[in-house]
$ cat input_10.cif   # mmCIF, C-alpha atoms
data_protein
loop_
_atom_site.group_PDB
_atom_site.id
_atom_site.type_symbol
_atom_site.label_atom_id
_atom_site.label_comp_id
_atom_site.auth_asym_id
_atom_site.auth_seq_id
_atom_site.Cartn_x
_atom_site.Cartn_y
_atom_site.Cartn_z
ATOM 1 C CA MET B 139 4.928 -42.519 -59.405
ATOM 2 C CA LYS B 140 8.385 -42.862 -57.941
ATOM 3 C CA LYS B 141 8.736 -42.040 -54.272
ATOM 4 C CA ASN B 142 10.589 -38.774 -53.832
ATOM 5 C CA PRO B 143 11.218 -37.191 -50.424
ATOM 6 C CA GLU B 144 11.321 -33.759 -52.055
ATOM 7 C CA LEU B 145 7.941 -34.159 -53.760
ATOM 8 C CA ALA B 146 6.125 -31.927 -51.281
ATOM 9 C CA LEU B 147 8.655 -29.192 -52.046
ATOM 10 C CA ASP B 148 8.383 -29.476 -55.838
ATOM 11 C CA SER B 149 6.456 -26.468 -57.117
ATOM 12 C CA ASN B 150 6.082 -27.934 -60.624
ATOM 13 C CA TYR B 151 4.474 -31.101 -59.272
ATOM 14 C CA TRP B 152 1.910 -29.186 -57.204
ATOM 15 C CA GLU B 153 1.336 -26.562 -59.910
ATOM 16 C CA ASN B 154 0.364 -29.354 -62.288
ATOM 17 C CA ARG B 155 -1.965 -30.878 -59.707
ATOM 18 C CA TYR B 156 -3.797 -27.583 -59.147
ATOM 19 C CA GLN B 157 -3.895 -26.591 -62.809
ATOM 20 C CA SER B 158 -5.336 -29.966 -63.790
ATOM 21 C CA ASN B 159 -7.677 -29.896 -60.773
ATOM 22 C CA SER B 160 -6.201 -33.223 -59.654
ATOM 23 C CA ILE B 161 -6.815 -32.383 -56.010
ATOM 24 C CA GLY B 162 -9.004 -35.139 -54.616
ATOM 25 C CA TRP B 163 -8.156 -34.140 -51.027
ATOM 26 C CA ASP B 164 -9.728 -30.701 -51.559
ATOM 27 C CA LEU B 165 -13.107 -30.456 -49.806
ATOM 28 C CA GLY B 166 -14.093 -27.239 -51.569
ATOM 29 C CA LYS B 167 -14.845 -25.704 -48.153
ATOM 30 C CA ILE B 168 -13.395 -25.393 -44.672
ATOM 31 C CA SER B 169 -13.335 -28.719 -42.851
ATOM 32 C CA ARG B 170 -15.870 -28.941 -40.041
ATOM 33 C CA PRO B 171 -13.377 -29.757 -37.238
ATOM 34 C CA LEU B 172 -11.331 -26.649 -37.991
ATOM 35 C CA GLU B 173 -14.411 -24.489 -38.353
ATOM 36 C CA TYR B 174 -15.533 -25.588 -34.874
ATOM 37 C CA TYR B 175 -12.064 -24.874 -33.482
ATOM 38 C CA PHE B 176 -11.887 -21.422 -35.067
ATOM 39 C CA GLU B 177 -15.247 -20.523 -33.571
ATOM 40 C CA GLN B 178 -13.599 -20.806 -30.135
ATOM 41 C CA LEU B 179 -10.840 -18.299 -30.940
ATOM 42 C CA ASP B 180 -11.465 -14.825 -29.569
ATOM 43 C CA ASN B 181 -8.146 -13.104 -30.244
ATOM 44 C CA LYS B 182 -8.377 -11.733 -33.797
ATOM 45 C CA LYS B 183 -4.770 -10.496 -33.581
ATOM 46 C CA LEU B 184 -3.261 -13.981 -33.482
ATOM 47 C CA LYS B 185 -0.518 -14.460 -36.058
ATOM 48 C CA ILE B 186 -1.500 -17.659 -37.842
ATOM 49 C CA LEU B 187 0.354 -19.788 -40.383
ATOM 50 C CA ILE B 188 -1.284 -22.318 -42.688
ATOM 51 C CA PRO B 189 1.585 -24.248 -44.325
ATOM 52 C CA GLY B 190 0.934 -26.037 -47.595
ATOM 53 C CA GLY B 191 -2.400 -24.268 -47.467
ATOM 54 C CA GLY B 192 -3.461 -24.997 -51.044
ATOM 55 C CA ASN B 193 -6.824 -23.415 -51.826
ATOM 56 C CA SER B 194 -6.985 -22.650 -48.112
ATOM 57 C CA TYR B 195 -10.672 -22.354 -47.290
ATOM 58 C CA GLU B 196 -9.486 -22.151 -43.682
ATOM 59 C CA ALA B 197 -7.667 -18.889 -44.392
ATOM 60 C CA GLU B 198 -10.706 -17.533 -46.230
ATOM 61 C CA TYR B 199 -12.913 -18.376 -43.257
ATOM 62 C CA LEU B 200 -10.566 -16.745 -40.751
ATOM 63 C CA VAL B 201 -10.138 -13.539 -42.735
ATOM 64 C CA LYS B 202 -13.884 -13.189 -43.222
ATOM 65 C CA LYS B 203 -14.256 -13.618 -39.437
ATOM 66 C CA GLY B 204 -11.954 -10.656 -38.867
ATOM 67 C CA PHE B 205 -8.573 -12.283 -38.289
ATOM 68 C CA LYS B 206 -5.957 -9.925 -39.704
ATOM 69 C CA ASN B 207 -2.717 -11.913 -39.566
ATOM 70 C CA VAL B 208 -3.347 -15.147 -41.446
ATOM 71 C CA PHE B 209 -0.404 -16.257 -43.574
ATOM 72 C CA VAL B 210 -0.671 -18.987 -46.205
ATOM 73 C CA VAL B 211 2.514 -20.608 -47.478
ATOM 74 C CA ASP B 212 2.429 -22.866 -50.520
ATOM 75 C CA VAL B 213 4.707 -23.802 -53.411
ATOM 76 C CA SER B 214 1.829 -23.534 -55.918
ATOM 77 C CA GLU B 215 1.158 -20.089 -57.398
ATOM 78 C CA THR B 216 -2.166 -21.374 -58.730
ATOM 79 C CA ALA B 217 -3.366 -22.372 -55.270
ATOM 80 C CA LEU B 218 -2.509 -18.949 -53.845
ATOM 81 C CA THR B 219 -4.138 -17.216 -56.818
ATOM 82 C CA ASN B 220 -7.300 -19.257 -56.298
ATOM 83 C CA LEU B 221 -7.561 -17.911 -52.759
ATOM 84 C CA LYS B 222 -6.906 -14.345 -53.900
ATOM 85 C CA LYS B 223 -9.675 -14.652 -56.509
ATOM 86 C CA ARG B 224 -12.155 -15.745 -53.846
ATOM 87 C CA VAL B 225 -11.016 -13.051 -51.401
ATOM 88 C CA PRO B 226 -9.764 -10.120 -53.530
ATOM 89 C CA ASP B 227 -8.856 -7.974 -50.519
ATOM 90 C CA TYR B 228 -6.702 -10.707 -48.961
ATOM 91 C CA PRO B 229 -3.320 -9.070 -48.229
ATOM 92 C CA SER B 230 -0.925 -10.261 -50.941
ATOM 93 C CA SER B 231 1.954 -10.012 -48.461
ATOM 94 C CA GLN B 232 0.316 -12.813 -46.482
ATOM 95 C CA LEU B 233 0.086 -15.182 -49.472
ATOM 96 C CA ILE B 234 3.603 -16.508 -49.747
ATOM 97 C CA LYS B 235 4.970 -18.769 -52.467
ATOM 98 C CA MET B 236 7.681 -20.514 -50.528
ATOM 99 C CA ILE B 237 8.815 -23.863 -49.175
ATOM 100 C CA PHE B 238 7.624 -24.267 -45.604
ATOM 101 C CA PHE B 239 11.147 -25.070 -44.427
ATOM 102 C CA ASP B 240 12.337 -21.647 -45.657
ATOM 103 C CA VAL B 241 9.845 -19.585 -43.624
ATOM 104 C CA LYS B 242 11.559 -17.309 -41.080
ATOM 105 C CA MET B 243 8.710 -15.547 -39.218
ATOM 106 C CA LYS B 244 7.240 -16.322 -35.795
ATOM 107 C CA PHE B 245 3.611 -17.305 -35.199
ATOM 108 C CA ASP B 246 1.146 -17.825 -32.375
ATOM 109 C CA LEU B 247 -0.649 -20.653 -34.141
ATOM 110 C CA ILE B 248 0.108 -23.096 -36.955
ATOM 111 C CA ILE B 249 -2.852 -24.845 -38.578
ATOM 112 C CA GLU B 250 -2.273 -28.360 -39.929
ATOM 113 C CA GLN B 251 -4.619 -29.419 -42.697
ATOM 114 C CA THR B 252 -3.350 -31.990 -45.255
ATOM 115 C CA PHE B 253 0.233 -30.663 -45.371
ATOM 116 C CA PHE B 254 1.831 -33.172 -42.981
ATOM 117 C CA CYS B 255 0.417 -36.054 -45.049
ATOM 118 C CA ALA B 256 1.745 -34.517 -48.278
ATOM 119 C CA ILE B 257 5.389 -34.625 -47.260
ATOM 120 C CA ASP B 258 7.375 -37.828 -47.390
ATOM 121 C CA PRO B 259 7.527 -39.432 -43.917
ATOM 122 C CA LYS B 260 11.297 -39.009 -44.077
ATOM 123 C CA LEU B 261 10.723 -35.266 -43.691
ATOM 124 C CA ARG B 262 8.381 -35.487 -40.716
ATOM 125 C CA GLY B 263 11.121 -34.921 -38.170
ATOM 126 C CA GLN B 264 12.189 -31.782 -40.046
ATOM 127 C CA TYR B 265 8.572 -30.596 -40.208
ATOM 128 C CA ILE B 266 8.198 -30.911 -36.436
ATOM 129 C CA THR B 267 11.439 -29.126 -35.569
ATOM 130 C CA LYS B 268 10.588 -26.363 -38.063
ATOM 131 C CA ALA B 269 7.073 -25.952 -36.659
ATOM 132 C CA SER B 270 8.528 -25.638 -33.161
ATOM 133 C CA GLU B 271 11.069 -23.102 -34.408
ATOM 134 C CA LEU B 272 8.357 -20.978 -36.058
ATOM 135 C CA LEU B 273 6.115 -20.833 -33.010
ATOM 136 C CA LYS B 274 6.389 -18.197 -30.334
ATOM 137 C CA LYS B 275 6.685 -19.236 -26.697
ATOM 138 C CA GLU B 276 3.718 -21.468 -25.814
ATOM 139 C CA GLY B 277 2.521 -21.284 -29.430
ATOM 140 C CA LYS B 278 0.201 -23.999 -30.682
ATOM 141 C CA LEU B 279 0.040 -26.438 -33.575
ATOM 142 C CA VAL B 280 -3.589 -27.396 -34.175
ATOM 143 C CA GLY B 281 -5.344 -29.394 -36.835
ATOM 144 C CA LEU B 282 -5.850 -32.824 -38.310
ATOM 145 C CA LEU B 283 -3.651 -35.832 -39.033
ATOM 146 C CA PHE B 284 -4.703 -38.954 -40.893
ATOM 147 C CA ASP B 285 -5.132 -41.950 -38.587
ATOM 148 C CA ALA B 286 -4.853 -44.562 -41.338
ATOM 149 C CA PRO B 287 -2.059 -46.250 -43.362
ATOM 150 C CA LEU B 288 -2.967 -44.642 -46.754
ATOM 151 C CA TYR B 289 -0.260 -44.787 -49.472
ATOM 152 C CA LYS B 290 3.399 -45.773 -49.273
ATOM 153 C CA ASP B 291 4.679 -44.448 -52.620
ATOM 154 C CA HIS B 292 2.882 -41.112 -53.040
ATOM 155 C CA PRO B 293 0.862 -38.634 -50.993
ATOM 156 C CA PRO B 294 -1.212 -38.672 -48.933
ATOM 157 C CA PHE B 295 0.959 -40.588 -46.487
ATOM 158 C CA GLY B 296 -0.774 -41.864 -43.374
ATOM 159 C CA GLY B 297 0.243 -42.846 -39.881
ATOM 160 C CA ASP B 298 -1.128 -43.515 -36.431
ATOM 161 C CA LYS B 299 -1.298 -42.014 -32.955
ATOM 162 C CA CYS B 300 1.663 -43.934 -31.522
ATOM 163 C CA GLU B 301 3.919 -42.815 -34.357
ATOM 164 C CA TYR B 302 2.807 -39.202 -34.053
ATOM 165 C CA GLU B 303 3.239 -39.123 -30.277
ATOM 166 C CA ALA B 304 6.816 -40.336 -30.656
ATOM 167 C CA TYR B 305 7.535 -37.683 -33.290
ATOM 168 C CA PHE B 306 5.925 -34.694 -31.581
ATOM 169 C CA SER B 307 6.516 -35.281 -27.871
ATOM 170 C CA PRO B 308 10.171 -34.094 -27.770
ATOM 171 C CA TYR B 309 9.096 -30.642 -28.978
ATOM 172 C CA PHE B 310 5.427 -30.310 -28.021
ATOM 173 C CA SER B 311 3.175 -30.945 -25.055
ATOM 174 C CA ILE B 312 0.315 -33.027 -26.403
ATOM 175 C CA LYS B 313 -2.873 -31.381 -25.157
ATOM 176 C CA THR B 314 -5.157 -33.290 -27.525
ATOM 177 C CA MET B 315 -4.521 -36.128 -29.981
ATOM 178 C CA GLU B 316 -7.748 -38.023 -30.269
ATOM 179 C CA PRO B 317 -10.039 -39.513 -32.942
ATOM 180 C CA CYS B 318 -11.905 -36.649 -34.554
ATOM 181 C CA TYR B 319 -15.609 -36.846 -33.639
ATOM 182 C CA ASN B 320 -16.814 -34.335 -36.234
ATOM 183 C CA SER B 321 -14.865 -35.283 -39.370
ATOM 184 C CA GLU B 322 -16.336 -34.776 -42.798
ATOM 185 C CA SER B 323 -18.138 -37.943 -43.917
ATOM 186 C CA GLU B 324 -15.425 -39.042 -46.369
ATOM 187 C CA ARG B 325 -12.792 -38.790 -43.617
ATOM 188 C CA LYS B 326 -14.822 -40.204 -40.726
ATOM 189 C CA GLY B 327 -12.819 -42.657 -38.629
ATOM 190 C CA LYS B 328 -9.590 -41.696 -40.392
ATOM 191 C CA GLU B 329 -8.554 -38.511 -38.593
ATOM 192 C CA LEU B 330 -7.010 -37.407 -35.338
ATOM 193 C CA PHE B 331 -7.643 -33.910 -34.027
ATOM 194 C CA ILE B 332 -4.463 -32.491 -32.533
ATOM 195 C CA LYS B 333 -3.776 -29.560 -30.244
ATOM 196 C CA LEU B 334 -0.085 -29.357 -29.410
ATOM 197 C CA GLN B 335 1.737 -26.659 -27.440
ATOM 198 C CA LYS B 336 5.364 -25.783 -27.980
ATOM 199 C CA LYS B 337 7.565 -26.837 -25.062
#
$ encode --input "input_10.cif" --output "structure tokens"
Amino acid sequence: MKKNPELALDSNYWENRYQSNSIGWDLGKISRPLEYYFEQLDNKKLKILIPGGGNSYEAEYLVKKGFKNVFVVDVSETALTNLKKRVPDYPSSQLIKMIFFDVKMKFDLIIEQTFFCAIDPKLRGQYITKASELLKKEGKLVGLLFDAPLYKDHPPFGGDKCEYEAYFSPYFSIKTMEPCYNSESERKGKELFIKLQKK
């Protein structure tokens, strides 16, 4: 596959992946690190964004726990429909088929789960400035980043802590960026848990 910086924004590419079930990154459930993090959240009114959410088991978990303002943005209609089928009463207005970079709302919390690694590294700077723009004052970006080289010509694209610190530190205070102690077995030793606060 030819490297294409716009690949993560190509709805046809991701539609085909979801329709053919070619989604090897999909755990089929919420990842344990995010489940543990969500269990610590008390404010059910938080406005939360999950960009590139895919089948978004994280959104399903949050909504079933009583969170009312969980927005999933993805370029794949199939992925959003899959979530709606699992949670029929999920507000359709909060399932948005859109490119992340076109989102205009403001959020308290952005959840990162396999979206950052799906975009070409050339777009990482744009991702970070957009995430900062979308967050309210002192808003947080929380989730997981791969701490491994991975692929160079197609997603998932990897990286390491030093690279991420350099990218994020101009826009975010790094509260946590450490090896994830409770990763799923297939990702053990390959993830960083991040908790970043907008400057």
$ atom_distance --input "input_10.cif" --atom1 "CA of Tyr175 (chain B)" --atom2 "CA of Val280 (chain B)"
8.9 Å
$ closest_residue --input "input_10.cif" --among "B:Lys203, B:Lys333, B:Arg224, B:Lys260" --to "Glu303 (chain B)" --atoms "only C-alpha atoms"
B:Lys333
$ atom_distance --input "input_10.cif" --atom1 "CA of Gln178 (chain B)" --atom2 "CA of Glu196 (chain B)"
14.2 Å
$ atom_distance --input "input_10.cif" --atom1 "CA of Leu273 (chain B)" --atom2 "CA of Lys244 (chain B)"
5.4 Å
$ residues_around --input "input_10.cif" --residues "region 295-299 of chain B" --least-positions-apart "5" --cutoff "9 Å" --atoms "only C-alpha atoms" --output "VMD selection string"
chain B and resid 254 to 259 283 to 290 304 315 to 316 330
$ residues_around --input "input_10.cif" --residues "Phe310 (chain B)" --least-positions-apart "2" --cutoff "10 Å" --atoms "only C-alpha atoms" --output "JSON, numbers by chain"
{"B": [266, 267, 269, 270, 276, 277, 278, 279, 303, 305, 306, 307, 308, 312, 313, 333, 334, 335, 336, 337]}
$ resolve_selection --input "input_10.cif" --expression "the PyMOL selection byres ((chain B and resi 188) around 8)" --output "list in words"
Ile186, Leu187, Pro189, Gly190, Gly191, Ser194, Ala197, Val208, Phe209, Val210, Val211, Ile248, Ile249, Glu250 and Gln251 of chain B
$ resolve_selection --input "input_10.cif" --expression "the PyMOL selection byres ((chain B and resi 168) around 6)" --output "list in words"
Lys167, Ser169, Tyr195 and Glu196 of chain B
$ residues_around --input "input_10.cif" --residues "region 234-237 of chain B" --least-positions-apart "6" --cutoff "7 Å" --atoms "all atoms listed in the file" --output "ChimeraX atom specification"
/B:147,210-215
$ closest_residue --input "input_10.cif" --among "B:Leu172, B:Val225, B:Leu218, B:Leu272" --to "Lys242 (chain B)" --atoms "only C-alpha atoms"
B:Leu272
$ closest_residue --input "input_10.cif" --among "B:Leu282, B:Lys182, B:Leu221, B:Asp291" --to "Asp246 (chain B)" --atoms "all atoms listed in the file"
B:Lys182
$ closest_residue --input "input_10.cif" --among "B:Glu177, B:Leu261, B:Lys222, B:Met243" --to "Asn207 (chain B)" --atoms "all atoms listed in the file"
B:Met243
$ residues_around --input "input_10.cif" --residues "Asn220 (chain B)" --least-positions-apart "6" --cutoff "10 Å" --atoms "all atoms listed in the file" --output "PDB file with C-alpha atoms, keeping the file's coordinate frame"
ATOM      1  CA  TYR B 156      -3.797 -27.583 -59.147  1.00  0.00           C
ATOM      2  CA  GLY B 192      -3.461 -24.997 -51.044  1.00  0.00           C
ATOM      3  CA  ASN B 193      -6.824 -23.415 -51.826  1.00  0.00           C
ATOM      4  CA  SER B 194      -6.985 -22.650 -48.112  1.00  0.00           C
ATOM      5  CA  PRO B 226      -9.764 -10.120 -53.530  1.00  0.00           C
TER       6      PRO B 226
END
